[in-house]
Amino acid sequence: MKEYPFCDSYKIDITEIDGFDNLHEAHGIIEKAQERAAFLYGSSETHFLVNGSTCGILSAVSGSVKKNGKILMAANSHKSAFHALLLNCCKCEFIYPEINEEYEIAGGIHPSDVKKLLQKNPDTQAVFLTSPTYDGMISPVREIAEIVHSKGIVLIVDEAHGAHFGFYEPFIKAYGMRSSVQEGADIVIQSVHKTLPSYTQTALIHINGNLADRERIRRYLKIYQTSSPSYVLLGGIDRCMGILETEGQDLFIRWEKNIREFYKIREDLKHIKFLGDEVIGSSGIVGRDVGKFLFSMKNTTTNGVCMYDILREKYHIQLEMAAGNYCLAMSTFMDTEEGFRRLKEALIEIDSDLKGIETFHEKFKFLKMSKVYEIYEVQDFKTETALFRECKGRIAADFIYVYPPGIPMIVPGEEVDGDLIQSVEYMREQGLNVIGIEEGKFRILERQDNGI
Ligand SMILES: Cc1ncc(COP(=O)(O)O)c(C=O)c1O
């Protein structure tokens with residue numbers, strides 16, 4: 001951002017003084033700024049968010065599903081979506097994404113699964129999915145939107161990782177990087193801070209069509225956002241919109257050039273498998289974020305965590321995350337040619353030291369836990385802690401997730417089973433950051449409350 005100096009942040013760190021509008025009742029400069037963002041994304045209504053996509057997701061769910069109402073939600077959703085279920089007392093049916101076996105990642109959500117589940121659950125009030133996924137995989141949002149709309153309900157898309165989608169034609173054509181706003185979703189939430197030059201915590205919510213209860217969503221935005229929104233953050237979002245508007249195309253062209261050059265290493269890597277376009281068209285994936293780089297270490301002498309550590313410690317390159325068998329790097333249009341070159345050289349050097357070995361891999365699957373209570377129901381139950389490995393058959397009072405990405409493996413109200421214990425223990429052995437278990441212990445419901 002050195003090329004884009006911002007003014008002294010203290011000078012603009014004002015509050016709702018005269019002439020400077022109010023995010024919660026925008027009728028002046030903030031309204032204008034939001035209108036520019038709406039225009040850029042082709043949305044009919046856009047709000048700036050200063051509490052991240054998190055508050056957009058909480059507001060979208062609370063604004064679309066009545067208390068004790070039902071939502072159909074992708075099981076690979078971010079923890080904020082599960083928190084929305086808790087806060088709004090929602091009943092939930094999960095939709096499971098397809099699995100890409102090759103890379104051991106979640107693929108897309110299949111429209112026919114949405115259709116079946118909606119037929120089975122006619123009382124559903126909204127459908128929620130994440131596209132692109134944390135790994136950059138895109139679901140067929142347009143097809144899903146049509147199915148959801150045929151039932152007269154809204155489709156909410158967590159596009160936290162896709163604020164840069166829809167702007168650059170070559171990326172849209174080659175990789176399907178369209179924004180869900182253009183694909184017909186009713187409510188779309190994007191973290192501008194993740195993939196665009198904008199301050200941490202900044203995000204957008206877009207509302208379109210006539211199915212969403214706009215008034216109710218706006219009411220929740222007032223509840224879930226601070227009453228003192230930072231003008232530094234708001235100014236940062238507007239500045240980011242300005243960069244997109246005036247220089248976006250040039251920046252995308254530079255980025256595309258760097259990316260094209262970078263992908264050439266796929267031919268040089270002998271052991272590390274670098275995910276490419278072959279995933280499009282399989283496992284429910286209709287497109288991918290070409291700026292996300294996924295390196296699989298399957299059948300090599302290393303794993304995702306070691307690779308992540310080597311890149312950081314030896315080459316001073318910070319990746320986005322590590323999983324058991326892969327790691328993920330993120331690039332944006334602000335990355336320099338030097339950055340791409342350094343990552344390329346590091347990967348080639350590491351790859352030349354690796355050996356290919358046939359390693360045993362358990363078939364990757366999405367664990368489907370059985371639900372005993374809804375998340376919100378367990379909040380008032382008595383709880384206790386126990387060694388996690390001895391929790392088989394007990395009911396979770398807490399979430400367990402690996403962070404990043406923050407996608408829960410079990411949520412409160414679900415029953416712990418042997419597969420989960422094995423999977424979590426394996427992840428802990430691999431050195432992943434497993435949240436929810438402390439010193440080997442997990443919070444579960446006391447026996448008298450769950451009748452077991
Ligand atoms: C898929 C997804 N949705 C939502 C969020 C929440 O975004 P924010 O950090 O902007 O609140 C994240 C954060 O990592 C995410 O990965």
# chains A, B, ... in the order shown; residues from 1 in each chain; ligands from 1

$ residues_near_ligand --ligand "ligand 1" --cutoff "7 Å" --atoms "only C-alpha atoms and all ligand atoms" --output "ChimeraX atom specification"
/A:51-55,77-78,80,130,133-134,158-161,191,193,201-203,405-406

$ select_by_dssp --residues "region 295-424 of chain A" --states "alpha helix (DSSP H)" --output "JSON, numbers by chain"
{"A": [304, 305, 306, 307, 308, 309, 310, 311, 312, 313, 337, 338, 339, 340, 341, 342, 343, 344, 345, 346, 347, 348, 349, 350, 351, 352, 353, 418, 419, 420, 421, 422, 423, 424]}

$ closest_residue --among "A:Val157, A:Ala323, A:Leu367, A:Ile223" --to "Arg428 (chain A)" --atoms "only C-alpha atoms"
A:Ala323

$ residues_around --residues "Ile272 (chain A)" --least-positions-apart "6" --cutoff "12 Å" --atoms "only C-alpha atoms" --output "count of residues only"
30

$ closest_residue --among "A:Asp238, A:Glu3, A:Asp380, A:Glu146" --to "Ile29 (chain A)" --atoms "only C-alpha atoms"
A:Asp238
